[in-house]
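Structure file run_6.cif (mmCIF, C-alpha atoms and all ligand atoms) is printed below.
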data_coords
#
loop_
_atom_site.label_atom_id
_atom_site.label_comp_id
_atom_site.auth_asym_id
_atom_site.auth_seq_id
_atom_site.Cartn_x
_atom_site.Cartn_y
_atom_site.Cartn_z
CA MET E 250 0.00 0.00 0.00
CA PHE E 251 1.22 3.46 -0.92
CA ASP E 252 1.05 5.52 2.27
CA ILE E 253 2.06 9.12 1.62
CA ALA E 254 1.76 10.18 5.28
CA ASN E 255 4.13 7.41 6.27
CA ILE E 256 6.57 8.35 3.49
CA ARG E 257 6.53 12.03 4.50
CA SER E 258 7.11 11.14 8.14
CA GLN E 259 10.42 9.54 7.14
CA PHE E 260 11.84 12.89 5.93
CA PRO E 261 12.67 15.02 8.99
CA ILE E 262 13.18 18.19 6.94
CA LEU E 263 9.59 18.15 5.69
CA SER E 264 8.39 19.28 9.10
CA GLU E 265 10.50 22.45 8.91
CA THR E 266 8.79 25.79 8.47
CA VAL E 267 9.95 28.65 6.23
CA TYR E 268 9.01 32.18 7.32
CA GLY E 269 6.57 30.52 9.72
CA LYS E 270 4.87 28.53 6.95
CA PRO E 271 5.10 24.79 6.30
CA LEU E 272 7.83 24.03 3.77
CA VAL E 273 6.54 23.13 0.31
CA TYR E 274 9.63 21.68 -1.31
CA LEU E 275 9.30 21.56 -5.10
CA ASP E 276 12.98 21.76 -6.03
CA ASN E 277 13.64 18.05 -6.26
CA GLY E 278 15.22 18.24 -9.71
CA ALA E 279 18.08 20.15 -8.06
CA THR E 280 18.35 17.83 -5.08
CA THR E 281 15.98 15.67 -3.04
CA GLN E 282 15.65 15.54 0.72
CA LYS E 283 16.96 12.50 2.60
CA PRO E 284 14.92 9.92 4.52
CA GLN E 285 15.79 8.95 8.09
CA CYS E 286 17.08 5.53 7.00
CA VAL E 287 19.74 7.16 4.80
CA LEU E 288 20.67 9.70 7.49
CA ASP E 289 20.93 6.81 9.97
CA VAL E 290 23.31 4.83 7.77
CA VAL E 291 25.61 7.82 7.33
CA ASN E 292 25.48 8.65 11.02
CA ASP E 293 26.08 5.05 12.05
CA ILE E 294 29.22 4.82 9.93
CA TYR E 295 30.69 8.04 11.29
CA MET E 296 29.82 7.03 14.84
CA HIS E 297 30.74 3.35 14.80
CA LYS E 298 32.38 2.08 11.62
CA ASN E 299 34.43 4.70 9.80
CA ALA E 300 37.78 3.75 8.26
CA ASN E 301 39.22 4.23 4.78
CA ILE E 302 38.34 1.38 2.45
CA HIS E 303 40.39 -1.18 0.51
CA ARG E 304 43.80 -0.42 1.97
CA GLY E 305 43.36 -1.62 5.53
CA VAL E 306 43.82 -4.99 7.15
CA HIS E 307 42.04 -3.84 10.28
CA HIS E 308 38.46 -4.57 11.24
CA LEU E 309 36.79 -1.21 10.55
CA SER E 310 38.46 -0.86 7.18
CA ASN E 311 37.10 -4.25 6.19
CA VAL E 312 33.61 -3.37 7.46
CA CYS E 313 33.54 -0.17 5.35
CA THR E 314 35.00 -1.94 2.32
CA ASP E 315 32.28 -4.60 2.53
CA LEU E 316 29.53 -1.99 2.87
CA PHE E 317 30.94 -0.02 -0.07
CA GLU E 318 31.08 -3.11 -2.28
CA GLN E 319 27.58 -4.12 -1.18
CA ALA E 320 26.37 -0.67 -2.26
CA ARG E 321 27.95 -1.27 -5.67
CA LYS E 322 26.03 -4.56 -5.89
CA THR E 323 22.81 -2.76 -4.96
CA VAL E 324 23.31 -0.18 -7.73
CA ALA E 325 24.21 -2.90 -10.25
CA ARG E 326 21.15 -4.96 -9.33
CA HIS E 327 18.86 -1.91 -9.35
CA ILE E 328 19.74 -0.97 -12.93
CA ASN E 329 20.24 -4.61 -13.99
CA ALA E 330 23.90 -4.25 -14.95
CA LEU E 331 25.54 -7.45 -16.09
CA SER E 332 28.24 -7.15 -13.43
CA ASP E 333 29.16 -5.03 -10.38
CA ALA E 334 32.40 -4.12 -12.13
CA GLU E 335 30.39 -2.02 -14.58
CA ILE E 336 29.50 0.47 -11.80
CA ILE E 337 32.05 3.22 -11.26
CA PHE E 338 31.25 5.35 -8.23
CA THR E 339 31.56 9.09 -8.86
CA ARG E 340 30.48 12.26 -7.05
CA GLY E 341 27.53 12.54 -9.44
CA THR E 342 26.49 12.92 -13.05
CA THR E 343 28.92 15.74 -13.83
CA GLU E 344 31.94 13.77 -12.68
CA ALA E 345 30.68 10.65 -14.47
CA ILE E 346 30.35 12.49 -17.79
CA ASN E 347 33.71 14.24 -17.41
CA LEU E 348 35.30 10.87 -16.71
CA LEU E 349 33.72 9.42 -19.82
CA ALA E 350 34.57 12.41 -22.02
CA PHE E 351 38.21 12.11 -21.04
CA SER E 352 38.67 8.34 -21.02
CA PHE E 353 36.45 7.56 -24.03
CA GLY E 354 37.88 10.55 -25.90
CA GLU E 355 41.51 9.59 -25.27
CA THR E 356 40.84 5.98 -26.24
CA TYR E 357 38.59 6.21 -29.28
CA CYS E 358 38.52 9.76 -30.73
CA ARG E 359 40.56 11.33 -33.51
CA PRO E 360 40.47 14.71 -35.31
CA ASP E 361 37.30 15.23 -37.40
CA ASP E 362 35.34 12.68 -35.37
CA GLU E 363 31.95 13.81 -34.14
CA ILE E 364 29.91 13.69 -30.91
CA VAL E 365 26.13 14.07 -31.14
CA ILE E 366 24.17 15.72 -28.32
CA THR E 367 20.78 17.45 -28.20
CA THR E 368 19.58 21.03 -27.68
CA MET E 369 17.99 20.17 -24.34
CA GLU E 370 21.14 18.91 -22.58
CA HIS E 371 22.27 20.10 -19.16
CA HIS E 372 25.65 21.88 -19.28
CA ALA E 373 27.14 18.73 -17.70
CA ASN E 374 26.31 16.89 -20.94
CA ILE E 375 27.54 19.71 -23.18
CA VAL E 376 30.71 21.25 -21.79
CA PRO E 377 32.77 18.03 -21.28
CA TRP E 378 32.06 17.16 -24.93
CA GLN E 379 33.00 20.67 -26.07
CA MET E 380 36.24 20.36 -24.12
CA LEU E 381 36.92 17.01 -25.81
CA CYS E 382 36.14 18.49 -29.22
CA GLU E 383 38.56 21.36 -28.61
CA ARG E 384 41.24 19.01 -27.37
CA LYS E 385 40.95 16.58 -30.27
CA LYS E 386 39.82 18.96 -33.03
CA MET E 387 36.48 17.22 -33.33
CA LYS E 388 32.97 18.45 -34.06
CA LEU E 389 29.99 18.70 -31.74
CA ARG E 390 26.71 18.10 -33.57
CA VAL E 391 23.46 19.16 -31.94
CA ALA E 392 20.04 17.58 -32.58
CA LYS E 393 17.13 20.00 -32.75
CA ILE E 394 13.98 20.12 -30.65
CA SER E 395 10.45 21.27 -31.44
CA ASP E 396 8.71 24.33 -30.00
CA LYS E 397 6.98 21.95 -27.60
CA GLY E 398 10.34 20.78 -26.29
CA GLU E 399 10.31 17.36 -27.94
CA LEU E 400 13.43 15.93 -29.50
CA ASP E 401 13.51 15.92 -33.30
CA THR E 402 14.67 12.33 -33.57
CA ASP E 403 14.72 12.44 -37.39
CA HIS E 404 17.18 15.29 -37.19
CA LEU E 405 19.25 13.39 -34.63
CA TYR E 406 19.35 10.33 -36.92
CA SER E 407 20.35 12.50 -39.88
CA LEU E 408 23.43 13.61 -37.90
CA LEU E 409 24.71 10.05 -37.44
CA ASN E 410 27.47 8.98 -39.82
CA GLU E 411 30.73 7.05 -39.95
CA ARG E 412 32.51 9.85 -38.05
CA THR E 413 30.08 9.78 -35.11
CA ARG E 414 31.88 8.33 -32.07
CA LEU E 415 29.17 8.74 -29.42
CA VAL E 416 25.59 9.93 -28.95
CA CYS E 417 24.97 11.65 -25.59
CA VAL E 418 21.37 12.25 -24.64
CA ALA E 419 19.34 13.10 -21.55
CA HIS E 420 16.74 10.50 -20.63
CA VAL E 421 14.61 13.29 -19.12
CA SER E 422 15.11 17.04 -19.58
CA ASN E 423 15.84 18.72 -16.25
CA VAL E 424 14.06 21.88 -17.45
CA MET E 425 10.99 20.65 -19.32
CA GLY E 426 10.50 17.13 -18.04
CA THR E 427 10.52 15.83 -21.63
CA VAL E 428 11.11 12.08 -21.71
CA ASN E 429 13.30 11.17 -24.67
CA PRO E 430 12.83 7.88 -26.55
CA VAL E 431 16.26 6.64 -25.54
CA LYS E 432 15.63 2.98 -26.34
CA GLN E 433 14.72 3.85 -29.91
CA ILE E 434 17.73 6.20 -30.21
CA ILE E 435 20.05 3.48 -28.91
CA GLY E 436 18.63 1.00 -31.43
CA LYS E 437 19.21 3.37 -34.36
CA ALA E 438 22.69 4.34 -33.20
CA HIS E 439 23.69 0.70 -32.65
CA ALA E 440 22.53 -0.20 -36.13
CA MET E 441 25.34 2.10 -37.28
CA GLY E 442 27.81 0.78 -34.68
CA ILE E 443 27.63 3.96 -32.56
CA PRO E 444 27.56 3.74 -28.74
CA VAL E 445 25.21 5.85 -26.61
CA LEU E 446 25.49 7.62 -23.24
CA VAL E 447 22.23 8.23 -21.38
CA ASP E 448 22.24 11.08 -18.85
CA ALA E 449 19.85 9.59 -16.31
CA ALA E 450 20.19 12.35 -13.68
CA GLN E 451 16.48 13.14 -14.01
CA SER E 452 15.14 9.68 -14.81
CA MET E 453 16.78 7.35 -12.29
CA PRO E 454 14.92 8.98 -9.33
CA HIS E 455 11.57 8.45 -11.03
CA LYS E 456 11.68 5.37 -13.23
CA ASN E 457 12.59 1.74 -13.33
CA ILE E 458 15.84 1.59 -15.26
CA ASP E 459 17.14 -1.54 -16.94
CA VAL E 460 20.43 -0.90 -18.71
CA GLN E 461 20.40 -4.28 -20.43
CA ASP E 462 16.91 -3.73 -21.78
CA LEU E 463 17.80 -0.21 -22.96
CA ASP E 464 21.13 -1.60 -24.17
CA CYS E 465 22.82 1.76 -23.47
CA ASP E 466 26.60 1.71 -23.48
CA PHE E 467 26.98 4.24 -20.69
CA MET E 468 24.68 5.83 -18.14
CA ALA E 469 25.39 8.63 -15.66
CA PHE E 470 23.36 9.57 -12.60
CA SER E 471 23.51 11.49 -9.29
CA GLY E 472 22.64 9.98 -5.90
CA HIS E 473 21.64 13.29 -4.31
CA LYS E 474 18.69 13.58 -6.71
CA MET E 475 17.41 10.18 -5.53
CA TYR E 476 17.32 10.51 -1.73
CA ALA E 477 21.01 9.65 -1.26
CA PRO E 478 23.76 11.80 0.30
CA ASN E 479 25.60 14.45 -1.69
CA GLY E 480 28.78 13.26 -3.30
CA SER E 481 27.26 10.00 -4.54
CA GLY E 482 26.53 8.89 -8.06
CA ALA E 483 27.87 6.59 -10.71
CA LEU E 484 28.88 5.94 -14.24
CA TYR E 485 27.57 2.67 -15.64
CA GLY E 486 29.48 1.38 -18.64
CA LYS E 487 29.53 -1.87 -20.55
CA ALA E 488 32.66 -3.75 -19.51
CA LYS E 489 33.77 -4.11 -23.13
CA TRP E 490 34.26 -0.32 -23.33
CA LEU E 491 35.49 0.27 -19.78
CA ASN E 492 38.13 -2.45 -20.11
CA GLU E 493 39.61 -0.76 -23.15
CA MET E 494 39.36 2.83 -21.94
CA VAL E 495 42.37 4.61 -20.42
CA PRO E 496 41.94 5.73 -16.79
CA TYR E 497 40.77 9.23 -15.89
CA HIS E 498 42.45 10.21 -12.61
CA GLY E 499 45.70 8.66 -11.40
CA GLY E 500 46.56 7.55 -7.85
CA GLY E 501 45.13 5.44 -5.05
CA GLU E 502 43.26 2.27 -5.79
CA MET E 503 43.45 2.56 -9.59
CA ILE E 504 46.95 1.07 -9.83
CA GLU E 505 48.14 -2.50 -10.10
CA LYS E 506 51.87 -1.76 -9.87
CA VAL E 507 53.76 1.53 -9.85
CA THR E 508 57.41 2.01 -10.79
CA PHE E 509 59.03 5.21 -12.05
CA GLU E 510 59.41 3.55 -15.43
CA LYS E 511 55.84 2.33 -15.88
CA THR E 512 52.55 1.96 -14.04
CA THR E 513 50.02 -0.75 -14.72
CA TYR E 514 46.38 -0.35 -13.83
CA ASN E 515 43.93 -2.21 -11.62
CA GLN E 516 40.95 -4.10 -12.98
CA LEU E 517 37.40 -2.76 -13.22
CA PRO E 518 35.87 -0.92 -11.52
CA PHE E 519 38.89 0.23 -9.47
CA LYS E 520 40.78 1.44 -12.55
CA PHE E 521 38.42 4.43 -12.60
CA GLU E 522 38.23 5.08 -8.84
CA ALA E 523 41.44 6.92 -7.99
CA GLY E 524 41.84 8.36 -4.50
CA THR E 525 39.56 7.89 -1.52
CA PRO E 526 36.05 7.64 -2.91
CA ASP E 527 33.17 9.17 -0.98
CA TYR E 528 32.48 5.69 0.35
CA ILE E 529 30.04 6.82 3.04
CA SER E 530 27.84 8.61 0.49
CA ALA E 531 28.06 5.59 -1.81
CA ILE E 532 26.88 3.37 1.05
CA GLY E 533 24.08 5.89 1.65
CA LEU E 534 23.19 5.60 -2.05
CA GLY E 535 22.79 1.86 -1.62
CA ARG E 536 20.38 2.48 1.27
CA ALA E 537 18.48 5.15 -0.72
CA ILE E 538 17.96 2.66 -3.54
CA GLU E 539 16.61 0.11 -1.08
CA PHE E 540 14.30 2.82 0.28
CA MET E 541 12.94 3.46 -3.22
CA GLU E 542 12.60 -0.25 -3.91
CA GLU E 543 10.69 -0.72 -0.64
CA ILE E 544 8.14 1.84 -1.86
CA GLY E 545 8.30 0.27 -5.32
CA MET E 546 9.51 2.02 -8.47
CA ASP E 547 6.12 1.50 -10.12
CA ASN E 548 4.40 3.21 -7.18
CA ILE E 549 6.88 6.07 -7.34
CA GLU E 550 6.33 6.52 -11.07
CA ARG E 551 2.54 6.34 -10.74
CA HIS E 552 2.38 8.83 -7.84
CA GLU E 553 4.69 11.34 -9.54
CA HIS E 554 2.87 10.99 -12.84
CA GLU E 555 -0.36 11.94 -11.10
CA LEU E 556 1.34 14.94 -9.50
CA VAL E 557 2.67 16.18 -12.85
CA LYS E 558 -0.71 15.70 -14.51
CA TYR E 559 -2.41 17.59 -11.70
CA ALA E 560 0.20 20.39 -11.76
CA ILE E 561 -0.17 20.84 -15.51
CA GLU E 562 -3.95 20.89 -15.22
CA ARG E 563 -4.06 23.40 -12.35
CA LEU E 564 -1.19 25.65 -13.44
CA GLY E 565 -2.54 25.58 -16.99
CA ALA E 566 -5.75 27.21 -15.78
CA ILE E 567 -3.86 30.28 -14.51
CA LYS E 568 -4.34 33.28 -16.78
CA ASP E 569 -1.19 34.45 -18.58
CA LEU E 570 0.78 31.34 -17.58
CA ARG E 571 2.61 29.50 -20.32
CA PHE E 572 4.54 26.27 -20.08
CA ILE E 573 8.06 25.87 -21.39
CA GLY E 574 8.00 22.31 -22.66
CA GLU E 575 4.74 20.58 -23.47
CA ALA E 576 5.99 17.16 -24.49
CA ALA E 577 3.44 14.36 -24.64
CA ASP E 578 5.75 12.12 -22.59
CA HIS E 579 6.39 14.23 -19.50
CA SER E 580 8.26 13.30 -16.32
CA SER E 581 8.43 15.07 -13.01
CA ALA E 582 9.50 18.65 -13.82
CA VAL E 583 7.24 21.46 -15.00
CA SER E 584 8.63 24.79 -16.25
CA PHE E 585 6.56 27.92 -16.77
CA LEU E 586 6.49 31.71 -17.04
CA VAL E 587 3.72 34.07 -16.02
CA GLY E 588 3.13 37.01 -18.41
CA ASN E 589 6.32 38.99 -18.58
CA ILE E 590 7.14 38.58 -14.90
CA HIS E 591 10.80 37.74 -14.43
CA PRO E 592 11.22 34.18 -13.12
CA TYR E 593 13.43 35.42 -10.25
CA ASP E 594 10.63 37.69 -9.05
CA THR E 595 8.16 34.81 -9.18
CA GLY E 596 10.59 32.53 -7.34
CA MET E 597 11.31 35.10 -4.64
CA ILE E 598 7.66 35.77 -3.93
CA LEU E 599 6.85 32.04 -3.91
CA ASP E 600 9.68 31.60 -1.41
CA LYS E 601 8.10 34.14 0.94
CA MET E 602 5.01 31.93 0.87
CA GLY E 603 7.05 28.87 1.82
CA VAL E 604 7.12 27.37 -1.69
CA ALA E 605 10.61 26.37 -2.87
CA VAL E 606 10.99 26.26 -6.66
CA ARG E 607 14.03 26.82 -8.85
CA THR E 608 14.33 29.75 -11.22
CA GLY E 609 16.84 30.65 -13.89
CA HIS E 610 18.46 28.83 -16.78
CA HIS E 611 18.79 25.52 -14.90
CA CYS E 612 22.27 24.96 -16.41
CA ALA E 613 20.72 24.70 -19.87
CA GLN E 614 21.54 28.04 -21.51
CA PRO E 615 21.45 26.72 -25.10
CA LEU E 616 17.92 25.44 -24.41
CA MET E 617 16.93 28.87 -23.09
CA ASP E 618 18.33 30.44 -26.29
CA ARG E 619 16.32 27.96 -28.39
CA MET E 620 13.14 28.83 -26.54
CA GLY E 621 13.90 32.57 -26.77
CA ILE E 622 13.86 33.10 -23.00
CA THR E 623 16.41 33.76 -20.26
CA GLY E 624 14.95 31.46 -17.64
CA THR E 625 11.93 29.65 -16.28
CA VAL E 626 10.24 28.85 -12.99
CA ARG E 627 10.55 25.11 -12.41
CA ALA E 628 8.56 22.96 -10.03
CA SER E 629 9.94 19.44 -9.75
CA PHE E 630 8.41 16.63 -7.77
CA ALA E 631 9.45 13.71 -5.60
CA ILE E 632 7.78 10.80 -3.87
CA TYR E 633 6.85 12.87 -0.78
CA ASN E 634 5.00 15.65 -2.64
CA THR E 635 1.22 15.92 -2.54
CA LYS E 636 -1.62 17.46 -4.53
CA GLU E 637 -2.21 19.81 -1.56
CA GLU E 638 1.31 21.16 -2.07
CA ILE E 639 0.54 21.75 -5.73
CA ASP E 640 -2.59 23.64 -4.63
CA LYS E 641 -0.32 25.84 -2.50
CA LEU E 642 1.96 26.41 -5.48
CA VAL E 643 -0.99 27.36 -7.66
CA GLU E 644 -2.38 29.70 -5.00
CA ALA E 645 1.03 31.34 -4.66
CA VAL E 646 1.48 31.76 -8.43
CA GLU E 647 -1.98 33.35 -8.59
CA ARG E 648 -0.87 35.80 -5.88
CA VAL E 649 2.29 36.63 -7.85
CA ARG E 650 0.17 37.34 -10.93
CA MET E 651 -2.15 39.63 -8.99
CA MET E 652 0.75 41.51 -7.43
CA MET E 653 2.92 41.90 -10.52
CA MET E 654 0.52 42.28 -13.42
N1 LIG N 701 22.32 16.24 -16.08
C1 LIG N 701 21.07 16.58 -15.75
C2 LIG N 701 19.94 16.25 -16.70
C3 LIG N 701 20.82 17.23 -14.55
O1 LIG N 701 19.57 17.56 -14.22
C4 LIG N 701 21.89 17.50 -13.67
C5 LIG N 701 21.68 18.23 -12.35
N2 LIG N 701 20.83 19.33 -12.41
C6 LIG N 701 23.18 17.13 -14.05
C7 LIG N 701 23.35 16.49 -15.26
C8 LIG N 701 24.36 17.37 -13.17
O2 LIG N 701 24.23 16.65 -11.99
P1 LIG N 701 25.22 16.86 -10.77
O3 LIG N 701 25.24 18.34 -10.47
O4 LIG N 701 24.61 16.08 -9.66
O5 LIG N 701 26.55 16.36 -11.17
#
What does the file become when written as structure tokens?
Amino acid sequence: MFDIANIRSQFPILSETVYGKPLVYLDNGATTQKPQCVLDVVNDIYMHKNANIHRGVHHLSNVCTDLFEQARKTVARHINALSDAEIIFTRGTTEAINLLAFSFGETYCRPDDEIVITTMEHHANIVPWQMLCERKKMKLRVAKISDKGELDTDHLYSLLNERTRLVCVAHVSNVMGTVNPVKQIIGKAHAMGIPVLVDAAQSMPHKNIDVQDLDCDFMAFSGHKMYAPNGSGALYGKAKWLNEMVPYHGGGEMIEKVTFEKTTYNQLPFKFEAGTPDYISAIGLGRAIEFMEEIGMDNIERHEHELVKYAIERLGAIKDLRFIGEAADHSSAVSFLVGNIHPYDTGMILDKMGVAVRTGHHCAQPLMDRMGITGTVRASFAIYNTKEEIDKLVEAVERVRMMMM
């Protein structure tokens, strides 16, 4: 049974007040709040178990190493990876994509090669590829989107050719909530022998993900957007690529043998985990995944889908409000503008009423340019949000309209 009151009671921060009003937290696309079970795991390690992993022979080091490797198993099982070794822990999506851009780029890319991205990417899935293109004298090709914020897949397919090394696409747009047909894109790209990275930062918290079913070559995601501690996340990669790719950072656990003449590298996944990883956050990520699985990914998806539908219906009835992004397949973020009111003004007034939303370009400036705007107001939902909170958002947006127009 899906019990929203019980779920909410597990998030201590949800009983906070802001300016004397109950907190309405609708900024989950930026980061989610953490349930007690995740906070407890982190606290328990710092209080009773903490020691650096892998290098110790002593008891606590072994305890933490085991917990860290169990968390890797949990991630691998959750996304149905073929093996634990295909999960590289990172600090989040940004680090995962930078790792890939460097290691994939150094291993497989040559001058005049091309990387294909889309207009709706987060800067984290643009800038690392631009940096690679500058470094290697390659070209970045960008697939168009429609006025409704849907990907023009025909245009994307027309960009694929024998020089394309990788397609990098968001599963869900962090601004518009557009769900991209990644399985279909992967199928088309594979038919031409081209691998695909899926940026799952905004899909993993909301959907059942099966990397073998999607058949993606790489996937990046952030733990802090799915109820886990900051500093957690991962890059999934098929072992056939990861085994061939050169390492990213040097040092720590990524070595097999170091001499001044030559260093050889450790096996997967350690080859890509130089230095002390944020093992406590990774362990917290494992617990956060269990928390989501206990609720059930289908229940999460169903509840959030209802929230989005309700938000679109109710916000859509507000005079002078227009949505940025009206894709048919819509996940848990809704962006809008009211008349010519600046999004910052809307956000600031909503804040005074206890409603936390995000305003601005959402790290997607090229998308803002495409839509001919400088920013949006974005409400993004999580498992603990309710229709009553959306009512409060709608009431607050109405107030903003009355005050400013
Ligand atoms: N990609 C997308 C689609 C995102 O929404 C975000 C976070 N807003 C990122 C990448 C970057 O994630 P992080 O800051 O956790 O590395």
Open item on the list: From (28.6, -2.0, -19.2), in the file's coordinates, out to 12 Å: which residues are reached, counting all atoms listed in the file? Answer as number ranges by chain.
Closed with: E: 325, 328-337, 444-446, 459-461, 463-469, 484-493, 517-518
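Residues of protein, DNA or RNA lying at most 6 Å from ligand LIG 701 (chain N), when only C-alpha atoms and all ligand atoms are considered, are E:Ala279, E:Gly341, E:Thr342, E:Thr343, E:His371, E:Ala373, E:Ala419, E:Ser422, E:Asn423, E:Asp448, E:Ala450, E:Gln451, E:Ser471.
The coordinates place atom CA of Phe251 of chain E at 22.1 Å from atom CA of Leu288 of chain E.
Shortest atom-to-atom contact with Thr339 of chain E among E:Leu275, E:Val428, E:Ala531, E:Ala254: E:Ala531, counting only C-alpha atoms.
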- [ ] List the neighbours of Gln319 of chain E out to 9 Å using all atoms listed in the file; skip same-chain residues closer than 5 positions along the sequence, and give me the result as a PyMOL selection string.
- [x] chain E and resi 314+324+532+535
Open item on the list: Just to confirm, what's the straight-line distance from atom CA of Leu642 of chain E to atom CA of Glu575 of chain E in Å (one decimal)?
Closed with: 19.1 Å
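Using only C-alpha atoms, the smallest distance between any of E:Ser481, E:Thr281, E:Thr356, E:Asn374 and Ala320 of chain E comes from E:Ser481.
What separates atom CA of Ile302 of chain E from atom CA of Cys286 of chain E is a distance of 22.1 Å.
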Open item on the list: Set the distance at 9 Å and use all atoms listed in the file: which residues neighbour Met441 of chain E once local chain neighbours fewer than 3 positions away are removed? I'd like the list as a ChimeraX atom specification.
Closed with: /E:409-411,436-438,444
Task: Residues within 12 Å of Ile253 of chain E, only C-alpha atoms, excluding chain neighbours under 6 positions, as number ranges by chain - done: E: 259-260, 544, 548-549, 552-553, 631-637
Taking C-alpha atoms for each residue, export the selection above as an mmCIF file, in the coordinates of the input.
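What landed in part.cif:
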data_model
loop_
_atom_site.group_PDB
_atom_site.id
_atom_site.type_symbol
_atom_site.label_atom_id
_atom_site.label_comp_id
_atom_site.auth_asym_id
_atom_site.auth_seq_id
_atom_site.Cartn_x
_atom_site.Cartn_y
_atom_site.Cartn_z
ATOM 1 C CA GLN E 259 10.420 9.540 7.140
ATOM 2 C CA PHE E 260 11.840 12.890 5.930
ATOM 3 C CA ILE E 544 8.140 1.840 -1.860
ATOM 4 C CA ASN E 548 4.400 3.210 -7.180
ATOM 5 C CA ILE E 549 6.880 6.070 -7.340
ATOM 6 C CA HIS E 552 2.380 8.830 -7.840
ATOM 7 C CA GLU E 553 4.690 11.340 -9.540
ATOM 8 C CA ALA E 631 9.450 13.710 -5.600
ATOM 9 C CA ILE E 632 7.780 10.800 -3.870
ATOM 10 C CA TYR E 633 6.850 12.870 -0.780
ATOM 11 C CA ASN E 634 5.000 15.650 -2.640
ATOM 12 C CA THR E 635 1.220 15.920 -2.540
ATOM 13 C CA LYS E 636 -1.620 17.460 -4.530
ATOM 14 C CA GLU E 637 -2.210 19.810 -1.560
#
Task: Residues within 12 Å of His455 of chain E, only C-alpha atoms, excluding chain neighbours under 5 positions, as a ChimeraX atom specification - done: /E:277-278,281,420-421,426,428,449-450,470,474-476,538,541-542,544-554,557,579-582,629-632
Output C-alpha atoms for every residue in that selection, as a PDB file, in the frame of the given file.
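Below is the file that was written, part_1.pdb:
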ATOM      1  CA  ASN E 277      13.640  18.050  -6.260  1.00  0.00           C
ATOM      2  CA  GLY E 278      15.220  18.240  -9.710  1.00  0.00           C
ATOM      3  CA  THR E 281      15.980  15.670  -3.040  1.00  0.00           C
ATOM      4  CA  HIS E 420      16.740  10.500 -20.630  1.00  0.00           C
ATOM      5  CA  VAL E 421      14.610  13.290 -19.120  1.00  0.00           C
ATOM      6  CA  GLY E 426      10.500  17.130 -18.040  1.00  0.00           C
ATOM      7  CA  VAL E 428      11.110  12.080 -21.710  1.00  0.00           C
ATOM      8  CA  ALA E 449      19.850   9.590 -16.310  1.00  0.00           C
ATOM      9  CA  ALA E 450      20.190  12.350 -13.680  1.00  0.00           C
ATOM     10  CA  PHE E 470      23.360   9.570 -12.600  1.00  0.00           C
ATOM     11  CA  LYS E 474      18.690  13.580  -6.710  1.00  0.00           C
ATOM     12  CA  MET E 475      17.410  10.180  -5.530  1.00  0.00           C
ATOM     13  CA  TYR E 476      17.320  10.510  -1.730  1.00  0.00           C
ATOM     14  CA  ILE E 538      17.960   2.660  -3.540  1.00  0.00           C
ATOM     15  CA  MET E 541      12.940   3.460  -3.220  1.00  0.00           C
ATOM     16  CA  GLU E 542      12.600  -0.250  -3.910  1.00  0.00           C
ATOM     17  CA  ILE E 544       8.140   1.840  -1.860  1.00  0.00           C
ATOM     18  CA  GLY E 545       8.300   0.270  -5.320  1.00  0.00           C
ATOM     19  CA  MET E 546       9.510   2.020  -8.470  1.00  0.00           C
ATOM     20  CA  ASP E 547       6.120   1.500 -10.120  1.00  0.00           C
ATOM     21  CA  ASN E 548       4.400   3.210  -7.180  1.00  0.00           C
ATOM     22  CA  ILE E 549       6.880   6.070  -7.340  1.00  0.00           C
ATOM     23  CA  GLU E 550       6.330   6.520 -11.070  1.00  0.00           C
ATOM     24  CA  ARG E 551       2.540   6.340 -10.740  1.00  0.00           C
ATOM     25  CA  HIS E 552       2.380   8.830  -7.840  1.00  0.00           C
ATOM     26  CA  GLU E 553       4.690  11.340  -9.540  1.00  0.00           C
ATOM     27  CA  HIS E 554       2.870  10.990 -12.840  1.00  0.00           C
ATOM     28  CA  VAL E 557       2.670  16.180 -12.850  1.00  0.00           C
ATOM     29  CA  HIS E 579       6.390  14.230 -19.500  1.00  0.00           C
ATOM     30  CA  SER E 580       8.260  13.300 -16.320  1.00  0.00           C
ATOM     31  CA  SER E 581       8.430  15.070 -13.010  1.00  0.00           C
ATOM     32  CA  ALA E 582       9.500  18.650 -13.820  1.00  0.00           C
ATOM     33  CA  SER E 629       9.940  19.440  -9.750  1.00  0.00           C
ATOM     34  CA  PHE E 630       8.410  16.630  -7.770  1.00  0.00           C
ATOM     35  CA  ALA E 631       9.450  13.710  -5.600  1.00  0.00           C
ATOM     36  CA  ILE E 632       7.780  10.800  -3.870  1.00  0.00           C
TER      37      ILE E 632
END
May I have the centre and edge lengths, in Å to one decimal, of an axis-aligned box around the listed atoms of segment 312-321 of chain E with 8 Å added to every side, as lines of an AutoDock Vina configuration file?
center_x = 30.7
center_y = -2.3
center_z = 0.9
size_x = 24.6
size_y = 20.6
size_z = 29.1
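Closest approach to Val649 of chain E among E:Glu555, E:Asp315, E:Glu502, E:Asp594 is made by E:Asp594 (distances from only C-alpha atoms).
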Open item on the list: Using only C-alpha atoms for the distances, tell me which of E:Met494, E:Arg563, E:Ile294, E:Asp401 is nearest to Gly354 of chain E.
Closed with: E:Met494
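Distances here use all atoms listed in the file; by that measure, the residue among E:Gly533, E:Gly269, E:Pro360, E:Pro526 closest to Asp600 of chain E is E:Gly269.
Across E:Arg390, E:Lys298, E:His473, E:Lys641, the tightest approach to Tyr406 of chain E is made by E:Arg390 when counting all atoms listed in the file.
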Open item on the list: I want to know what sits within 8 Å of Asn479 of chain E, based on only C-alpha atoms, with residues of the same chain fewer than 4 positions away left out; could you give that as a PyMOL selection string?
Closed with: chain E and resi 340+472-473+530
